[in-house]
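S.K.: Structure file model.txt (compact mmCIF, C-alpha atoms) is given on the next line.
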```txt
# COMPACT_ATOMS: atom_id res chain seq x y z
CA MET A 80 60.17 209.75 412.58
CA ARG A 81 63.34 207.73 412.85
CA LYS A 82 61.39 204.66 411.79
CA TYR A 83 60.24 206.32 408.52
CA LEU A 84 63.77 207.56 407.79
CA ILE A 85 65.13 204.04 408.06
CA LEU A 86 62.39 202.74 405.69
CA LEU A 87 63.25 205.48 403.12
CA ILE A 88 66.94 204.59 403.22
CA LEU A 89 66.14 200.89 402.73
CA PHE A 90 63.86 201.73 399.75
CA ILE A 91 66.64 203.72 398.08
CA VAL A 92 69.25 201.02 398.65
CA ILE A 93 67.12 198.01 397.72
CA ILE A 94 65.00 199.43 394.88
CA MET A 95 66.34 202.65 393.38
CA VAL A 96 70.07 201.86 393.24
CA PRO A 97 69.70 198.59 391.25
CA LEU A 98 67.19 200.27 388.96
CA ALA A 99 69.60 203.12 388.26
CA TRP A 100 72.33 200.60 387.51
CA PHE A 101 70.25 199.22 384.63
CA LEU A 102 69.17 202.61 383.30
CA VAL A 103 72.43 204.56 383.34
CA PRO A 104 74.99 203.90 380.53
CA ARG A 105 78.14 202.16 381.71
CA HIS A 106 81.70 202.53 380.41
CA ASN A 107 81.54 203.05 376.63
CA GLU A 108 77.89 201.94 376.16
CA VAL A 109 75.69 204.47 374.41
CA ILE A 110 71.90 204.30 374.24
CA LEU A 111 70.76 205.37 370.77
CA PRO A 112 67.22 206.00 369.62
CA LEU A 113 65.79 203.26 367.39
CA LYS A 114 65.72 204.09 363.69
CA PRO A 115 62.92 202.84 361.48
CA ILE A 116 64.04 200.02 359.18
CA GLN A 117 64.10 201.31 355.64
CA LYS A 118 62.37 198.99 353.19
CA HIS A 119 63.82 199.03 349.70
CA HIS A 120 61.76 198.39 346.58
CA PHE A 121 63.04 196.05 343.90
CA ALA A 122 61.86 195.01 340.45
CA TYR A 123 63.74 192.33 338.51
CA LYS A 124 66.32 192.47 341.39
CA ILE A 125 66.97 196.15 340.57
CA ASN A 126 66.63 198.74 343.34
CA ILE A 127 64.01 201.22 342.12
CA ASP A 128 63.78 203.44 345.24
CA THR A 129 64.81 206.50 343.21
CA LEU A 130 63.61 205.30 339.82
CA ASN A 131 60.39 204.94 337.85
CA ILE A 132 59.14 201.76 336.22
CA VAL A 133 56.70 201.58 333.30
CA TYR A 134 55.06 198.31 332.23
CA GLY A 135 53.67 197.33 328.85
CA LYS A 136 52.79 194.47 326.51
CA VAL A 137 54.12 193.72 323.04
CA LYS A 138 51.45 194.54 320.46
CA ASN A 139 50.76 192.66 317.23
CA ASN A 140 53.60 193.16 314.72
CA GLU A 141 55.52 195.29 317.25
CA ASN A 142 59.29 194.83 317.55
CA ILE A 143 62.01 196.16 319.83
CA SER A 144 62.67 199.11 317.55
CA ALA A 145 59.06 200.27 317.71
CA ILE A 146 59.05 199.94 321.50
CA LEU A 147 62.38 201.62 322.24
CA SER A 148 62.96 204.13 319.42
CA PRO A 149 61.23 206.98 321.35
CA PHE A 150 63.60 206.45 324.29
CA ILE A 151 67.04 205.32 323.07
CA SER A 152 69.11 206.00 319.97
CA GLY A 153 68.82 204.10 316.70
CA PRO A 154 72.49 203.02 316.74
CA LEU A 155 71.99 201.49 320.20
CA ILE A 156 68.91 199.57 319.03
CA ASP A 157 70.96 198.37 316.05
CA ARG A 158 73.68 197.15 318.42
CA ILE A 159 71.09 195.18 320.38
CA ALA A 160 69.92 193.41 317.21
CA ARG A 161 73.46 192.72 315.94
CA GLU A 162 75.44 191.95 319.10
CA THR A 163 73.12 190.32 321.64
CA SER A 164 71.38 187.50 319.75
CA ASP A 165 73.52 184.96 321.64
CA VAL A 166 71.68 186.03 324.81
CA PHE A 167 68.26 186.52 323.21
CA ASP A 168 67.18 186.98 319.59
CA VAL A 169 64.92 190.06 319.50
CA ARG A 170 63.16 188.61 316.45
CA LYS A 171 61.49 186.23 318.92
CA PHE A 172 59.45 188.99 320.58
CA HIS A 173 55.88 187.67 320.92
CA ALA A 174 52.70 189.72 320.93
CA GLY A 175 51.15 189.72 324.40
CA ASN A 176 54.41 189.21 326.29
CA LYS A 177 55.13 191.73 329.05
CA TYR A 178 58.00 194.20 329.20
CA ALA A 179 59.16 196.99 331.50
CA ARG A 180 61.21 200.19 331.22
CA ILE A 181 63.07 201.52 334.24
CA THR A 182 63.86 205.23 334.00
CA THR A 183 65.22 208.12 336.04
CA LYS A 184 62.74 210.33 337.90
CA SER A 185 64.56 213.59 337.31
CA SER A 186 64.31 215.52 334.05
CA PRO A 187 65.40 214.81 331.41
CA VAL A 188 64.00 211.31 331.86
CA LYS A 189 66.50 208.67 330.79
CA THR A 190 65.83 204.97 330.14
CA LEU A 191 68.27 202.93 332.21
CA TYR A 192 66.91 199.40 331.74
CA PHE A 193 64.58 197.53 329.42
CA ILE A 194 63.26 194.12 330.51
CA TYR A 195 61.50 191.66 328.18
CA GLU A 196 59.62 188.77 329.82
CA ILE A 197 60.06 185.56 327.83
CA ASN A 198 57.58 183.78 330.09
CA ASP A 199 56.32 183.98 333.68
CA VAL A 200 59.79 183.21 335.05
CA ASP A 201 62.49 183.91 332.45
CA HIS A 202 63.35 187.39 331.21
CA VAL A 203 66.19 189.26 329.55
CA ILE A 204 67.55 192.55 330.92
CA TYR A 205 69.03 195.30 328.71
CA ASP A 206 71.19 197.61 330.85
CA PHE A 207 71.90 201.00 329.20
CA ARG A 208 73.54 202.79 332.16
CA ASP A 209 77.16 202.74 331.00
CA SER A 210 77.79 200.66 327.93
CA LEU A 211 75.27 198.15 326.64
CA ARG A 212 74.99 195.06 328.84
CA VAL A 213 72.49 192.28 328.20
CA TYR A 214 71.91 189.26 330.43
CA PRO A 215 69.21 186.66 331.16
CA ASP A 216 67.62 186.33 334.58
CA LYS A 217 64.79 184.55 336.37
CA LYS A 218 62.12 185.60 338.82
CA LYS A 219 61.97 183.87 342.18
CA VAL A 220 59.52 180.98 342.02
CA ASP A 221 57.75 179.97 345.22
CA VAL A 222 56.81 176.28 345.38
CA ILE A 223 53.85 175.38 347.58
CA THR A 224 52.92 171.77 348.35
CA LYS A 225 49.21 170.99 348.14
CA THR A 226 46.90 167.97 348.25
CA ALA A 227 43.90 167.02 346.14
CA GLU A 228 41.45 164.17 345.72
CA GLY A 229 38.52 163.16 343.56
CA SER A 230 36.21 160.35 342.50
CA ILE A 231 35.36 159.07 339.06
CA THR A 232 31.80 159.58 337.91
CA THR A 233 32.28 159.51 334.13
CA SER A 234 35.96 160.18 333.38
CA LEU A 235 39.23 161.37 334.88
CA TRP A 236 38.87 164.65 333.00
CA ASN A 237 35.42 165.35 334.48
CA ALA A 238 36.62 164.39 337.96
CA PHE A 239 39.20 167.18 337.77
CA VAL A 240 36.71 169.67 336.34
CA ASN A 241 34.16 168.83 339.07
CA ASN A 242 36.78 169.43 341.78
CA ASN A 243 38.04 172.70 340.24
CA LEU A 244 41.52 171.26 339.76
CA ASP A 245 44.01 172.46 337.15
CA ILE A 246 43.33 170.19 334.17
CA ASN A 247 47.09 169.96 333.52
CA LEU A 248 47.25 167.91 336.70
CA ALA A 249 44.96 165.33 335.09
CA ILE A 250 47.51 164.94 332.30
CA LYS A 251 50.34 164.68 334.83
CA LEU A 252 48.44 162.06 336.85
CA SER A 253 47.65 160.04 333.75
CA ASP A 254 51.35 160.19 332.83
CA VAL A 255 52.33 158.91 336.29
CA TYR A 256 49.99 155.93 335.94
CA ALA A 257 50.32 155.49 332.16
CA TRP A 258 51.83 152.03 332.67
CA THR A 259 49.70 150.97 335.64
CA VAL A 260 46.07 152.14 335.45
CA ASP A 261 43.81 151.51 332.46
CA PHE A 262 42.13 154.90 332.14
CA TYR A 263 39.76 153.54 329.50
CA GLY A 264 38.49 150.97 331.99
CA LEU A 265 37.77 153.34 334.88
CA GLN A 266 34.55 152.70 336.75
CA LYS A 267 32.26 154.96 338.74
CA GLY A 268 33.52 155.07 342.31
CA ASP A 269 37.21 154.72 341.43
CA HIS A 270 39.03 157.46 343.31
CA PHE A 271 42.39 159.15 343.65
CA ARG A 272 44.34 161.45 345.94
CA PHE A 273 47.72 163.04 345.43
CA VAL A 274 50.29 165.51 346.77
CA TYR A 275 51.61 168.01 344.25
CA GLU A 276 53.46 171.30 343.84
CA GLU A 277 52.00 174.65 342.75
CA LEU A 278 54.19 177.45 341.41
CA TYR A 279 53.82 181.14 342.25
CA VAL A 280 55.69 184.22 341.05
CA ASP A 281 55.06 187.49 342.91
CA SER A 282 52.16 185.74 344.69
CA THR A 283 50.55 184.95 341.31
CA TYR A 284 49.75 181.33 340.41
CA ILE A 285 51.60 180.30 337.24
CA GLY A 286 50.97 176.56 337.12
CA THR A 287 51.88 173.21 338.61
CA GLU A 288 55.21 171.47 338.92
CA LYS A 289 55.25 167.75 339.62
CA ILE A 290 53.11 165.25 341.50
CA LEU A 291 55.10 164.10 344.55
CA SER A 292 52.99 161.11 345.54
CA ALA A 293 49.66 159.59 344.61
CA LYS A 294 47.21 156.84 345.44
CA PHE A 295 44.79 155.68 342.75
CA ASN A 296 42.08 153.17 343.62
CA SER A 297 40.80 151.38 340.52
CA SER A 298 38.43 148.40 340.68
CA GLY A 299 39.05 148.17 344.43
CA LYS A 300 42.84 147.98 344.13
CA ASP A 301 45.19 150.69 345.41
CA PHE A 302 48.03 151.82 343.17
CA TYR A 303 50.66 153.97 344.90
CA ALA A 304 53.15 156.23 343.16
CA PHE A 305 56.08 158.07 344.76
CA TYR A 306 58.43 160.46 343.02
CA PHE A 307 62.06 159.75 343.88
CA GLU A 308 65.22 161.41 342.63
CA LYS A 309 68.72 160.38 343.64
CA ASP A 310 71.86 160.55 341.49
CA SER A 311 70.88 159.10 338.08
CA ILE A 312 67.59 157.67 339.40
CA ARG A 313 64.52 159.79 338.72
CA GLY A 314 60.91 158.79 338.31
CA TYR A 315 57.87 157.23 339.97
CA PHE A 316 58.02 154.02 341.97
CA ASP A 317 55.63 151.85 344.00
CA GLU A 318 55.84 151.06 347.73
CA THR A 319 58.53 148.42 347.17
CA GLY A 320 60.73 150.62 344.99
CA LYS A 321 59.74 149.11 341.63
CA SER A 322 59.50 151.57 338.77
CA LEU A 323 56.02 152.41 337.50
CA ARG A 324 57.50 152.91 334.04
CA LYS A 325 57.01 149.85 331.88
CA ALA A 326 58.31 148.87 328.49
CA PHE A 327 55.05 150.13 326.95
CA LEU A 328 52.42 152.75 327.68
CA LYS A 329 48.88 151.62 328.42
CA ALA A 330 47.55 153.67 325.49
CA PRO A 331 48.98 155.85 322.69
CA LEU A 332 46.81 158.94 323.35
CA HIS A 333 45.10 160.85 326.16
CA PHE A 334 41.43 161.18 327.07
CA SER A 335 39.75 159.42 324.17
CA ARG A 336 37.31 156.53 324.28
CA ILE A 337 37.49 153.01 322.95
CA SER A 338 35.03 152.71 320.08
CA SER A 339 36.02 149.18 319.06
CA ARG A 340 38.02 146.49 320.84
CA TYR A 341 40.22 143.65 319.71
CA SER A 342 38.03 140.99 318.08
CA LYS A 343 38.35 137.95 315.85
CA ALA A 344 34.97 138.66 314.29
CA ARG A 345 33.75 142.23 313.84
CA MET A 346 31.37 143.81 311.35
CA HIS A 347 33.42 146.31 309.35
CA PRO A 348 31.59 149.67 309.47
CA ILE A 349 32.21 150.48 305.79
CA LEU A 350 32.71 147.17 304.01
CA ARG A 351 29.76 145.62 305.94
CA ILE A 352 31.43 142.26 306.19
CA VAL A 353 32.46 140.28 309.26
CA ARG A 354 36.19 139.97 309.62
CA PRO A 355 38.80 140.07 312.42
CA HIS A 356 39.76 143.37 314.00
CA TYR A 357 43.18 142.80 315.51
CA GLY A 358 43.44 146.13 317.23
CA VAL A 359 41.76 148.77 319.34
CA ASP A 360 40.00 151.81 317.88
CA TYR A 361 40.31 155.00 319.94
CA SER A 362 37.74 157.62 319.03
CA ALA A 363 39.19 161.11 319.48
CA PRO A 364 38.93 164.57 317.87
CA ARG A 365 40.86 165.15 314.67
CA GLY A 366 44.34 166.45 315.49
CA THR A 367 44.64 164.71 318.88
CA PRO A 368 48.37 163.88 319.37
CA ILE A 369 49.35 160.21 319.04
CA VAL A 370 52.45 159.04 320.91
CA ALA A 371 54.77 156.08 320.51
CA LEU A 372 53.87 153.12 322.71
CA GLY A 373 57.53 152.56 323.52
CA ASP A 374 61.07 153.20 322.32
CA GLY A 375 61.76 151.91 318.84
CA ARG A 376 62.55 152.58 315.19
CA ILE A 377 60.03 153.64 312.55
CA ALA A 378 59.58 150.70 310.16
CA GLU A 379 56.86 152.28 307.96
CA ALA A 380 55.48 155.80 307.58
CA GLY A 381 53.22 156.57 304.63
CA TRP A 382 49.94 155.77 302.90
CA LYS A 383 48.80 152.16 303.24
CA GLY A 384 45.54 151.47 301.42
CA GLY A 385 42.49 151.32 303.69
CA TYR A 386 44.65 152.22 306.70
CA GLY A 387 45.29 155.66 305.19
CA ARG A 388 48.24 157.47 306.71
CA PHE A 389 50.06 154.77 308.61
CA VAL A 390 53.00 154.38 311.01
CA SER A 391 54.66 151.19 312.19
CA ILE A 392 57.24 151.08 315.02
CA ARG A 393 59.53 148.12 315.66
CA HIS A 394 60.26 148.21 319.40
CA ASN A 395 62.51 145.16 319.61
CA SER A 396 62.87 141.70 318.09
CA VAL A 397 59.52 140.71 319.62
CA TYR A 398 57.10 143.66 319.53
CA THR A 399 55.82 145.98 316.80
CA SER A 400 53.04 148.57 317.10
CA THR A 401 51.03 150.21 314.29
CA TYR A 402 48.95 153.41 314.05
CA ALA A 403 46.43 153.97 311.25
CA HIS A 404 44.02 156.61 309.81
CA LEU A 405 46.29 159.51 310.82
CA SER A 406 45.57 163.06 309.64
CA GLY A 407 49.28 163.90 309.62
CA TYR A 408 52.74 162.99 310.84
CA ALA A 409 54.96 164.66 313.41
CA LYS A 410 58.08 166.36 312.13
CA GLY A 411 60.86 163.93 311.28
CA ILE A 412 58.70 160.79 311.29
CA LYS A 413 60.02 158.61 308.48
CA PRO A 414 61.35 155.06 308.09
CA GLY A 415 64.56 154.59 310.05
CA THR A 416 63.89 157.35 312.61
CA TYR A 417 64.34 156.33 316.23
CA VAL A 418 61.54 157.48 318.55
CA HIS A 419 61.18 157.44 322.32
CA GLN A 420 58.28 156.28 324.44
CA GLY A 421 55.67 159.03 324.67
CA GLU A 422 57.06 160.98 321.71
CA VAL A 423 54.40 162.42 319.39
CA ILE A 424 54.44 160.62 316.04
CA GLY A 425 51.25 161.99 314.42
CA GLN A 426 47.68 163.17 314.86
CA VAL A 427 44.29 161.46 314.87
CA GLY A 428 42.41 161.62 311.56
CA MET A 429 40.13 159.60 309.29
CA SER A 430 42.30 158.88 306.27
CA GLY A 431 41.66 155.65 304.38
CA LEU A 432 38.54 153.60 305.16
CA ALA A 433 37.12 155.40 308.20
CA THR A 434 33.68 156.69 309.14
CA GLY A 435 35.01 159.25 311.62
CA PRO A 436 38.20 160.48 313.27
CA HIS A 437 39.86 157.72 315.27
CA LEU A 438 43.09 155.79 315.75
CA ASP A 439 43.33 152.14 314.74
CA PHE A 440 46.03 150.88 317.10
CA ARG A 441 47.58 147.41 316.88
CA VAL A 442 50.38 145.45 318.54
CA TYR A 443 52.17 142.41 317.12
CA LYS A 444 54.20 139.90 319.11
CA ASN A 445 56.59 137.84 317.03
CA GLY A 446 54.57 138.85 313.97
CA SER A 447 51.19 137.78 315.36
CA PRO A 448 48.53 140.26 316.53
CA VAL A 449 47.85 140.47 320.27
CA ASP A 450 45.25 142.39 322.25
CA PRO A 451 46.93 145.76 323.10
CA LEU A 452 44.82 146.01 326.28
CA LYS A 453 46.19 142.73 327.66
CA ILE A 454 49.91 143.26 327.16
CA GLU A 455 51.97 142.74 330.29
CA SER A 456 55.37 144.37 330.19
CA PRO A 457 58.15 144.24 332.80
CA SER A 458 59.14 147.16 335.00
CA THR A 459 62.28 149.11 334.27
CA ARG A 460 65.10 149.82 336.73
CA PRO A 461 63.96 149.90 340.41
CA VAL A 462 65.31 152.08 343.21
CA ASP A 463 68.94 151.13 343.83
CA LYS A 464 69.57 149.02 346.94
CA ALA A 465 71.90 151.71 348.26
CA PHE A 466 68.95 154.11 348.52
CA ARG A 467 66.30 151.70 349.81
CA ASP A 468 66.44 152.98 353.41
CA ILE A 469 66.07 156.60 352.28
CA TYR A 470 63.26 155.62 349.93
CA GLY A 471 61.48 153.58 352.62
CA LYS A 472 61.42 156.53 355.04
CA MET A 473 60.16 158.83 352.30
CA VAL A 474 57.37 156.38 351.42
CA LEU A 475 56.19 156.24 355.05
CA ASP A 476 56.10 160.04 355.23
CA MET A 477 54.30 160.37 351.90
CA LYS A 478 51.75 157.72 352.82
CA ARG A 479 50.89 159.67 355.97
CA LYS A 480 50.33 162.78 353.87
CA LEU A 481 48.16 160.88 351.39
CA ASP A 482 46.10 159.31 354.15
CA SER A 483 45.53 162.75 355.69
CA VAL A 484 43.69 163.92 352.54
CA GLU A 485 39.99 163.76 353.33
CA ARG A 486 37.55 162.44 350.76
CA LYS A 487 34.75 164.82 349.87
```
Is it possible to give me this structure as structure tokens?
M.R.:
Amino acid sequence: MRKYLILLILFIVIIMVPLAWFLVPRHNEVILPLKPIQKHHFAYKINIDTLNIVYGKVKNNENISAILSPFISGPLIDRIARETSDVFDVRKFHAGNKYARITTKSSPVKTLYFIYEINDVDHVIYDFRDSLRVYPDKKKVDVITKTAEGSITTSLWNAFVNNNLDINLAIKLSDVYAWTVDFYGLQKGDHFRFVYEELYVDSTYIGTEKILSAKFNSSGKDFYAFYFEKDSIRGYFDETGKSLRKAFLKAPLHFSRISSRYSKARMHPILRIVRPHYGVDYSAPRGTPIVALGDGRIAEAGWKGGYGRFVSIRHNSVYTSTYAHLSGYAKGIKPGTYVHQGEVIGQVGMSGLATGPHLDFRVYKNGSPVDPLKIESPSTRPVDKAFRDIYGKMVLDMKRKLDSVERK
């Protein structure tokens, strides 16, 4: 019996006492029951826990007065139109754009806020709670990095369609390589891979941002592109830090086809005589935008005989480019106007002597015609030496990401 008593005492001392020390509050410590974390609900950064929100879309010919007159006073609507145009001009309401009204739940129901969505991200908030307050705001945009790849069968456009890729990415990729890859000379089997950014608002896809890095294999040669931004430097560069931007674009329009190349003896399709064709004809649908090959000043803009509507750009003391058979001109295009590389100057047409819509594009060097497809132009400013180490590390990381993209 004594033996069992000793064992009981040891159990209490060794086990129960330390356990009680942990369980019993000490000094000023108080054990409180856990409370559930309350989750608040927000819309446009406004707490709507005790409020109602009603969504709608602007109808054809509907204005702010038609939308709000059942809910707020006429004088207040008039104040919005007269006093808040510096924030947002209500005359710019567009049919189809979304809006929201945030109201009280209790009766009588009172409209506290009105929100008009300018686009997927930007909106303007009208706060009616005290006095009228109007301010712009933005939704939170989530940026997700993704990878993609594809192979050329017929064209870059079809490669993107076949891989279910956003076609806007094809335009972005062609812009990245506009000075490096001849997209009119692509061959079956050429392939590409790239890392890019997708944008989401409220978990909804709204589009793409920029391409971060890319590798384009054309005719067996790899062309790398890396986006780099530091201080005043911003753009795409190759592995060594040279800019991919050249003095001239490879072509003055997107996704067309070459219907006639530079030739010293070509049968004219209308005149039916053999004569030189010192340019490249790009067949494209009427209205396709035409962009300036490079920075320069408009030398000519107007009708020019068989060329129809015609534009000539003097880029420097050496080079001039011309664009013929246009259907129209971009706003402000006239002699003396300075244009930038990639700026739209007109649209494809068939004015003058033309059998169908196309662009007759020519380049002159020191007054003599040269083959636009064989122009070699120097790179612009490279990555600054001060940032070469940073750039080199980024290139290694981006190359690893590109190489991890599996070909289908």
S.K.: Within 12 Å of (68.6, 159.7, 340.1) (file coordinates; all atoms listed in the file), which protein or nucleic acid residues are there? I'd like them as an MDAnalysis selection string.
M.R.: chainID A and resid 306:315 460:463 465:466 470
S.K.: Dump C-alpha atoms for the selected residues as a short mmCIF file (atom, residue, chain, number, x, y, z; two decimals), keeping the file's coordinate frame?
M.R.:
```
data_model
loop_
_atom_site.label_atom_id
_atom_site.label_comp_id
_atom_site.auth_asym_id
_atom_site.auth_seq_id
_atom_site.Cartn_x
_atom_site.Cartn_y
_atom_site.Cartn_z
CA TYR A 306 58.43 160.46 343.02
CA PHE A 307 62.06 159.75 343.88
CA GLU A 308 65.22 161.41 342.63
CA LYS A 309 68.72 160.38 343.64
CA ASP A 310 71.86 160.55 341.49
CA SER A 311 70.88 159.10 338.08
CA ILE A 312 67.59 157.67 339.40
CA ARG A 313 64.52 159.79 338.72
CA GLY A 314 60.91 158.79 338.31
CA TYR A 315 57.87 157.23 339.97
CA ARG A 460 65.10 149.82 336.73
CA PRO A 461 63.96 149.90 340.41
CA VAL A 462 65.31 152.08 343.21
CA ASP A 463 68.94 151.13 343.83
CA ALA A 465 71.90 151.71 348.26
CA PHE A 466 68.95 154.11 348.52
CA TYR A 470 63.26 155.62 349.93
#
```
S.K.: What does the structure give for the distance between atom CA of A:Glu318 and atom CA of A:Thr226, in Å to one decimal?
M.R.: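 The value is 19.1 Å.
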S.K.: Can you pull out the residues contacting A:Gln266? Cut-off 9 Å, using only C-alpha atoms, and skip same-chain residues under 5 positions away; I want them as a list in words.
M.R.: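 Listed by chain and then number, they are Ile231, Thr232, Thr233, Ser234, Ser297 and Ser298 of chain A.
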S.K.: Using only C-alpha atoms, pick whichever of A:Asp450, A:Glu196, A:Asp482, A:Glu422 has the shortest atom-to-atom distance to A:Ala371.
M.R.: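 Between A:Asp450, A:Glu196, A:Asp482, A:Glu422, the residue approaching A:Ala371 most closely is A:Glu422.
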S.K.: Using all atoms listed in the file, which of the listed residues (A:Leu155, A:Ile337, A:Val390, A:Ile194) sits closest to A:Lys136?
M.R.: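 Among A:Leu155, A:Ile337, A:Val390, A:Ile194, it is A:Ile194 that comes nearest to A:Lys136.
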S.K.: With only C-alpha atoms as the atoms that count, which of A:Lys383, A:Arg388, A:His333, A:Lys321 lies nearest to A:Val423?
M.R.: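 Nearest candidate to A:Val423 out of A:Lys383, A:Arg388, A:His333, A:Lys321: A:His333.
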S.K.: Just the residues within 12 Å of A:Asp281, please, counting only C-alpha atoms, with nothing from its chain fewer than 2 positions along; format it as a ChimeraX atom specification.
M.R.: /A:121-123,199-200,218-222,278-279,283-285
S.K.: With C-alpha atoms retained, export the selected residues as a CSV table (one decimal), in the frame of the given file.
M.R.:
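This is the output file out-v7.csv:
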```csv
chain,number,residue,atom,x,y,z
A,121,PHE,CA,63.0,196.0,343.9
A,122,ALA,CA,61.9,195.0,340.4
A,123,TYR,CA,63.7,192.3,338.5
A,199,ASP,CA,56.3,184.0,333.7
A,200,VAL,CA,59.8,183.2,335.0
A,218,LYS,CA,62.1,185.6,338.8
A,219,LYS,CA,62.0,183.9,342.2
A,220,VAL,CA,59.5,181.0,342.0
A,221,ASP,CA,57.8,180.0,345.2
A,222,VAL,CA,56.8,176.3,345.4
A,278,LEU,CA,54.2,177.4,341.4
A,279,TYR,CA,53.8,181.1,342.2
A,283,THR,CA,50.6,185.0,341.3
A,284,TYR,CA,49.8,181.3,340.4
A,285,ILE,CA,51.6,180.3,337.2
```
S.K.: Choose the residue, out of A:Asn296, A:Gln420, A:Ser456, A:Gln426, that has the smallest atom-to-atom separation from A:Asp254; count only C-alpha atoms.
M.R.: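 Going through A:Asn296, A:Gln420, A:Ser456, A:Gln426 one by one, the smallest distance to A:Asp254 is for A:Gln420.
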S.K.: Work out how far apart atom CA of A:Leu405 and atom CA of A:Asp374 are and give it in Å to one decimal.
M.R.: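 A separation of 19.8 Å between them.
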S.K.: For atom CA of A:Ala363 and atom CA of A:Gly421, quote the distance in Å rounded to one decimal.
M.R.: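 Spanning atom CA of A:Ala363 to atom CA of A:Gly421 is a straight-line distance of 17.4 Å.
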S.K.: Using all atoms listed in the file, pick whichever of A:Phe295, A:Tyr275, A:Gly175, A:Lys184 has the shortest atom-to-atom distance to A:Leu235.
M.R.: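 Checking each candidate against A:Leu235, we get A:Phe295 as the closest.
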S.K.: List the neighbours of A:Val137 out to 7 Å using only C-alpha atoms; skip same-chain residues closer than 4 positions along the sequence, and give me the result as a PDB file with C-alpha atoms, in the coordinates of the input.
M.R.:
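Saved result, out18.pdb, follows:
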```pdb
ATOM      1  CA  GLU A 141      55.520 195.290 317.250  1.00  0.00           C
ATOM      2  CA  HIS A 173      55.880 187.670 320.920  1.00  0.00           C
ATOM      3  CA  ALA A 174      52.700 189.720 320.930  1.00  0.00           C
ATOM      4  CA  GLY A 175      51.150 189.720 324.400  1.00  0.00           C
ATOM      5  CA  ASN A 176      54.410 189.210 326.290  1.00  0.00           C
ATOM      6  CA  LYS A 177      55.130 191.730 329.050  1.00  0.00           C
TER       7      LYS A 177
END
```
S.K.: Name all residues at most 12 Å from A:Thr287 (count all atoms listed in the file; drop same-chain ones fewer than 4 positions away) and give them as a PDB file with C-alpha atoms, in the frame of the given file.
M.R.:
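Just written: around_3.pdb:
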```
ATOM      1  CA  VAL A 220      59.520 180.980 342.020  1.00  0.00           C
ATOM      2  CA  ASP A 221      57.750 179.970 345.220  1.00  0.00           C
ATOM      3  CA  VAL A 222      56.810 176.280 345.380  1.00  0.00           C
ATOM      4  CA  ILE A 223      53.850 175.380 347.580  1.00  0.00           C
ATOM      5  CA  THR A 224      52.920 171.770 348.350  1.00  0.00           C
ATOM      6  CA  LYS A 225      49.210 170.990 348.140  1.00  0.00           C
ATOM      7  CA  LEU A 244      41.520 171.260 339.760  1.00  0.00           C
ATOM      8  CA  ASP A 245      44.010 172.460 337.150  1.00  0.00           C
ATOM      9  CA  ILE A 246      43.330 170.190 334.170  1.00  0.00           C
ATOM     10  CA  ASN A 247      47.090 169.960 333.520  1.00  0.00           C
ATOM     11  CA  LEU A 248      47.250 167.910 336.700  1.00  0.00           C
ATOM     12  CA  ALA A 249      44.960 165.330 335.090  1.00  0.00           C
ATOM     13  CA  ILE A 250      47.510 164.940 332.300  1.00  0.00           C
ATOM     14  CA  LYS A 251      50.340 164.680 334.830  1.00  0.00           C
ATOM     15  CA  LEU A 252      48.440 162.060 336.850  1.00  0.00           C
ATOM     16  CA  VAL A 274      50.290 165.510 346.770  1.00  0.00           C
ATOM     17  CA  TYR A 275      51.610 168.010 344.250  1.00  0.00           C
ATOM     18  CA  GLU A 276      53.460 171.300 343.840  1.00  0.00           C
ATOM     19  CA  GLU A 277      52.000 174.650 342.750  1.00  0.00           C
ATOM     20  CA  LEU A 278      54.190 177.450 341.410  1.00  0.00           C
ATOM     21  CA  TYR A 279      53.820 181.140 342.250  1.00  0.00           C
ATOM     22  CA  VAL A 280      55.690 184.220 341.050  1.00  0.00           C
ATOM     23  CA  LEU A 291      55.100 164.100 344.550  1.00  0.00           C
TER      24      LEU A 291
END
```
